[in-house]
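Q: To start, I am sharing the structure in question, which I have written as structure tokens.
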Amino acid sequence: MAINITSLVIKSENFVIGKKTYTVRYTAELDREFSDVMLKTGQLFNDIKKTDYDEDLTLDEQRKIVNDGYAEMLSISKDYLVAALGQKEADEIVHYADNRTVTITKIAQAIFEAGQDDELKQKYGSNRKQRRGKDNG
């Protein structure tokens, strides 16, 4: 008997955001793009955290560091959405999310994670899983 590992090959996933379904096609280039997002975002979070402990910074200097950091996180998360979905679809999602940095960064992360394994499906369910739950309950 052969062991079927086809489920490890994830070529695309569909996402519903608002009332629209978006399809992401996973490629090595998209994975590299997300690695850049994570490295840059991690560095920006570290820079922001440092402002909490730097007594030499004025309140205005701290605000500037935090605001600039969040603006950069928003920009790189948008760039990832463009790479994953295309400009028009990324713009729709950004508009739907009211241009909120945290929300858009989480969406980018969820899209990436869904292409790596079925962790998101296990965590959040899928239509099939939800239907099965209703049948059994």
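A note on labels: chains of the structure tokens are A, B, ... as shown, every chain counts residues from 1, and ligands are counted from 1 in their shown order.
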Got a sec: who's within 7 Å of Ala108 in chain A, counting only C-alpha atoms, leaving out chain neighbours fewer than 2 positions off, as a CSV table (one decimal) with C-alpha atoms, in the first residue's frame?
A:
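The new file part04.csv reads:
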```
chain,number,residue,atom,x,y,z
A,77,SER,CA,2.2,43.8,3.8
A,80,TYR,CA,2.9,40.9,-0.3
A,81,LEU,CA,-0.8,41.1,-1.1
A,104,ILE,CA,-3.6,43.7,6.6
A,105,THR,CA,-0.5,42.2,8.2
A,106,LYS,CA,-2.6,39.4,9.6
A,110,ALA,CA,-2.9,34.0,7.0
A,111,ILE,CA,-2.4,33.7,3.2
A,112,PHE,CA,1.1,32.6,3.6
```
Q: Could you tell me, as a list in words, which residues of chain A DSSP assigns to strand (DSSP E) when given the backbone?
A: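 So, restricting chain A to strand (DSSP E), we get Ser12, Glu13, Asn14, Phe15, Val16, Ile17, Lys20, Thr21, Tyr22, Thr23, Val24 and Arg25 of chain A.
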Q: Grab the CA of Ile10 in chain A to CA of Gly115 in chain A distance for me, in Å with one decimal place.
A: 5.8 Å
Q: Would you mind listing what lies within 12 Å of range 36-52 of chain A as a PyMOL selection string, with only C-alpha atoms counted and same-chain residues fewer than 4 positions away left out?
A: chain A and resi 29-32+56-81+83+101-102+105-106+108-109+112
Q: Those same residues - N, CA, C and O atoms - I'd like them written as a short mmCIF file (atom, residue, chain, number, x, y, z; two decimals), in the first residue's frame.
A:
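Now in result-v3.cif:
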```
data_model
loop_
_atom_site.label_atom_id
_atom_site.label_comp_id
_atom_site.auth_asym_id
_atom_site.auth_seq_id
_atom_site.Cartn_x
_atom_site.Cartn_y
_atom_site.Cartn_z
N GLU A 29 8.61 32.10 -5.44
CA GLU A 29 8.80 33.54 -5.38
C GLU A 29 7.91 34.17 -4.30
O GLU A 29 8.33 35.07 -3.57
N LEU A 30 6.69 33.68 -4.19
CA LEU A 30 5.78 34.20 -3.17
C LEU A 30 6.29 33.85 -1.77
O LEU A 30 6.21 34.67 -0.85
N ASP A 31 6.84 32.67 -1.61
CA ASP A 31 7.43 32.28 -0.33
C ASP A 31 8.60 33.20 0.03
O ASP A 31 8.74 33.63 1.17
N ARG A 32 9.45 33.50 -0.94
CA ARG A 32 10.57 34.41 -0.70
C ARG A 32 10.07 35.81 -0.33
O ARG A 32 10.62 36.46 0.55
N ASP A 56 16.08 58.62 26.44
CA ASP A 56 16.64 59.80 25.79
C ASP A 56 15.74 60.34 24.68
O ASP A 56 15.95 61.44 24.19
N LEU A 57 14.74 59.56 24.27
CA LEU A 57 13.86 59.99 23.19
C LEU A 57 12.71 60.84 23.74
O LEU A 57 12.11 60.50 24.76
N THR A 58 12.39 61.89 23.01
CA THR A 58 11.22 62.69 23.38
C THR A 58 9.97 61.94 22.94
O THR A 58 10.03 61.00 22.14
N LEU A 59 8.84 62.40 23.43
CA LEU A 59 7.56 61.79 23.04
C LEU A 59 7.35 61.91 21.53
O LEU A 59 6.92 60.95 20.88
N ASP A 60 7.67 63.06 20.96
CA ASP A 60 7.53 63.24 19.51
C ASP A 60 8.45 62.29 18.73
O ASP A 60 8.05 61.76 17.70
N GLU A 61 9.66 62.08 19.23
CA GLU A 61 10.59 61.14 18.56
C GLU A 61 10.05 59.71 18.64
O GLU A 61 10.13 58.95 17.67
N GLN A 62 9.49 59.36 19.78
CA GLN A 62 8.91 58.03 19.94
C GLN A 62 7.73 57.84 18.99
O GLN A 62 7.60 56.80 18.35
N ARG A 63 6.87 58.85 18.93
CA ARG A 63 5.71 58.77 18.03
C ARG A 63 6.16 58.60 16.58
O ARG A 63 5.57 57.82 15.84
N LYS A 64 7.18 59.33 16.18
CA LYS A 64 7.67 59.25 14.81
C LYS A 64 8.18 57.83 14.51
O LYS A 64 7.86 57.26 13.46
N ILE A 65 8.95 57.26 15.42
CA ILE A 65 9.46 55.90 15.22
C ILE A 65 8.31 54.91 15.09
O ILE A 65 8.29 54.06 14.19
N VAL A 66 7.34 55.01 15.98
CA VAL A 66 6.19 54.09 15.95
C VAL A 66 5.37 54.29 14.67
O VAL A 66 5.05 53.33 13.97
N ASN A 67 5.04 55.54 14.36
CA ASN A 67 4.25 55.81 13.16
C ASN A 67 4.97 55.38 11.88
O ASN A 67 4.36 54.79 10.98
N ASP A 68 6.27 55.66 11.80
CA ASP A 68 7.05 55.25 10.63
C ASP A 68 7.12 53.73 10.53
O ASP A 68 7.03 53.16 9.44
N GLY A 69 7.27 53.07 11.68
CA GLY A 69 7.32 51.61 11.69
C GLY A 69 6.03 50.99 11.19
O GLY A 69 6.03 50.07 10.36
N TYR A 70 4.91 51.49 11.68
CA TYR A 70 3.61 50.97 11.24
C TYR A 70 3.36 51.28 9.76
O TYR A 70 2.80 50.45 9.03
N ALA A 71 3.77 52.45 9.32
CA ALA A 71 3.61 52.78 7.90
C ALA A 71 4.42 51.83 7.03
O ALA A 71 3.95 51.37 5.97
N GLU A 72 5.63 51.49 7.46
CA GLU A 72 6.47 50.55 6.70
C GLU A 72 5.87 49.14 6.72
O GLU A 72 5.87 48.44 5.71
N MET A 73 5.34 48.71 7.88
CA MET A 73 4.69 47.39 7.95
C MET A 73 3.50 47.33 7.01
O MET A 73 3.29 46.31 6.34
N LEU A 74 2.73 48.39 6.96
CA LEU A 74 1.58 48.44 6.06
C LEU A 74 2.05 48.33 4.61
O LEU A 74 1.49 47.55 3.82
N SER A 75 3.09 49.04 4.28
CA SER A 75 3.60 49.04 2.91
C SER A 75 4.09 47.65 2.48
O SER A 75 3.74 47.17 1.40
N ILE A 76 4.86 47.00 3.34
CA ILE A 76 5.40 45.69 2.94
C ILE A 76 4.30 44.62 2.94
O ILE A 76 4.34 43.70 2.12
N SER A 77 3.30 44.75 3.80
CA SER A 77 2.18 43.81 3.78
C SER A 77 1.35 43.99 2.51
O SER A 77 0.91 43.01 1.90
N LYS A 78 1.14 45.24 2.11
CA LYS A 78 0.43 45.51 0.85
C LYS A 78 1.21 44.93 -0.32
O LYS A 78 0.62 44.34 -1.24
N ASP A 79 2.52 45.10 -0.31
CA ASP A 79 3.35 44.55 -1.39
C ASP A 79 3.19 43.03 -1.49
O ASP A 79 3.14 42.46 -2.58
N TYR A 80 3.10 42.38 -0.34
CA TYR A 80 2.89 40.92 -0.35
C TYR A 80 1.54 40.57 -0.94
O TYR A 80 1.43 39.64 -1.75
N LEU A 81 0.51 41.32 -0.56
CA LEU A 81 -0.82 41.06 -1.13
C LEU A 81 -0.82 41.25 -2.64
O LEU A 81 -1.45 40.48 -3.37
N ALA A 83 1.78 40.77 -4.60
CA ALA A 83 2.49 39.61 -5.14
C ALA A 83 1.61 38.37 -5.13
O ALA A 83 1.65 37.55 -6.05
N THR A 101 -3.13 48.62 9.50
CA THR A 101 -1.85 47.90 9.45
C THR A 101 -1.97 46.50 10.04
O THR A 101 -1.57 45.52 9.40
N VAL A 102 -2.48 46.38 11.24
CA VAL A 102 -2.53 45.09 11.92
C VAL A 102 -3.39 44.10 11.13
O VAL A 102 -3.00 42.95 10.93
N THR A 105 -1.60 43.07 7.85
CA THR A 105 -0.47 42.20 8.16
C THR A 105 -0.95 40.80 8.53
O THR A 105 -0.37 39.80 8.09
N LYS A 106 -2.04 40.71 9.28
CA LYS A 106 -2.61 39.40 9.64
C LYS A 106 -3.14 38.67 8.41
O LYS A 106 -3.02 37.45 8.30
N ALA A 108 -2.01 38.99 5.33
CA ALA A 108 -0.83 38.51 4.61
C ALA A 108 -0.28 37.25 5.26
O ALA A 108 0.05 36.27 4.58
N GLN A 109 -0.22 37.23 6.57
CA GLN A 109 0.28 36.06 7.29
C GLN A 109 -0.64 34.86 7.09
O GLN A 109 -0.17 33.74 6.87
N PHE A 112 -0.10 33.37 3.67
CA PHE A 112 1.14 32.59 3.63
C PHE A 112 0.98 31.25 4.33
O PHE A 112 1.33 30.20 3.78
#
```
Q: Run DSSP on the backbone of this structure and report the residues of range 73-118 of chain A it assigns to alpha helix (DSSP H), as an MDAnalysis selection string.
A: chainID A and resid 73:85 87:96 101:114
Q: Pull the closest atom pair for each residue of range 30-128 of chain A that gets at most 12 Å from range 16-19 of chain A, along with the distance in Å to one decimal, counting only C-alpha atoms, ordering rows by chain and then ascending residue number, as a tab-separated table.
A:
```
residue	atom	partner	partner_atom	distance
A:Glu89	CA	A:Ile17	CA	10.5
A:Ala90	CA	A:Ile17	CA	11.1
A:Glu92	CA	A:Ile17	CA	9.4
A:Ile93	CA	A:Ile17	CA	7.2
A:Val94	CA	A:Ile17	CA	10.5
A:His95	CA	A:Gly18	CA	10.7
A:Tyr96	CA	A:Gly18	CA	7.2
A:Ala97	CA	A:Ile17	CA	9.2
A:Thr103	CA	A:Ile17	CA	11.8
A:Ile104	CA	A:Ile17	CA	11.5
A:Ile107	CA	A:Ile17	CA	9.4
A:Ala110	CA	A:Ile17	CA	11.8
A:Ile111	CA	A:Val16	CA	11.0
A:Ser126	CA	A:Val16	CA	11.2
A:Asn127	CA	A:Val16	CA	11.3
```
Q: At what distance in Å, to one decimal, does CA of Val82 in chain A lie from CA of Lys11 in chain A?
A: 17.5 Å
Q: Skipping near chain neighbours, those fewer than 4 positions away, what residues fall within 9 Å of Thr23 in chain A using only C-alpha atoms, listed as a tab-separated table (two decimals) with C-alpha atoms, in the first residue's frame?
A:
```
chain	number	residue	atom	x	y	z
A	12	SER	CA	-3.55	27.38	-4.56
A	13	GLU	CA	-6.10	28.31	-1.93
A	14	ASN	CA	-9.29	30.35	-1.96
A	15	PHE	CA	-10.02	33.03	0.63
A	16	VAL	CA	-13.26	34.81	1.35
A	84	ALA	CA	-0.06	37.05	-3.95
A	85	LEU	CA	-3.20	38.37	-5.64
```
Q: Would you mind telling me which residue in A:Asp91, A:Arg100, A:Gln116, A:Ser7 lies nearest to Arg25 in chain A when using only C-alpha atoms?
A: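 Checking each candidate against Arg25 in chain A, we get A:Gln116 as the closest.
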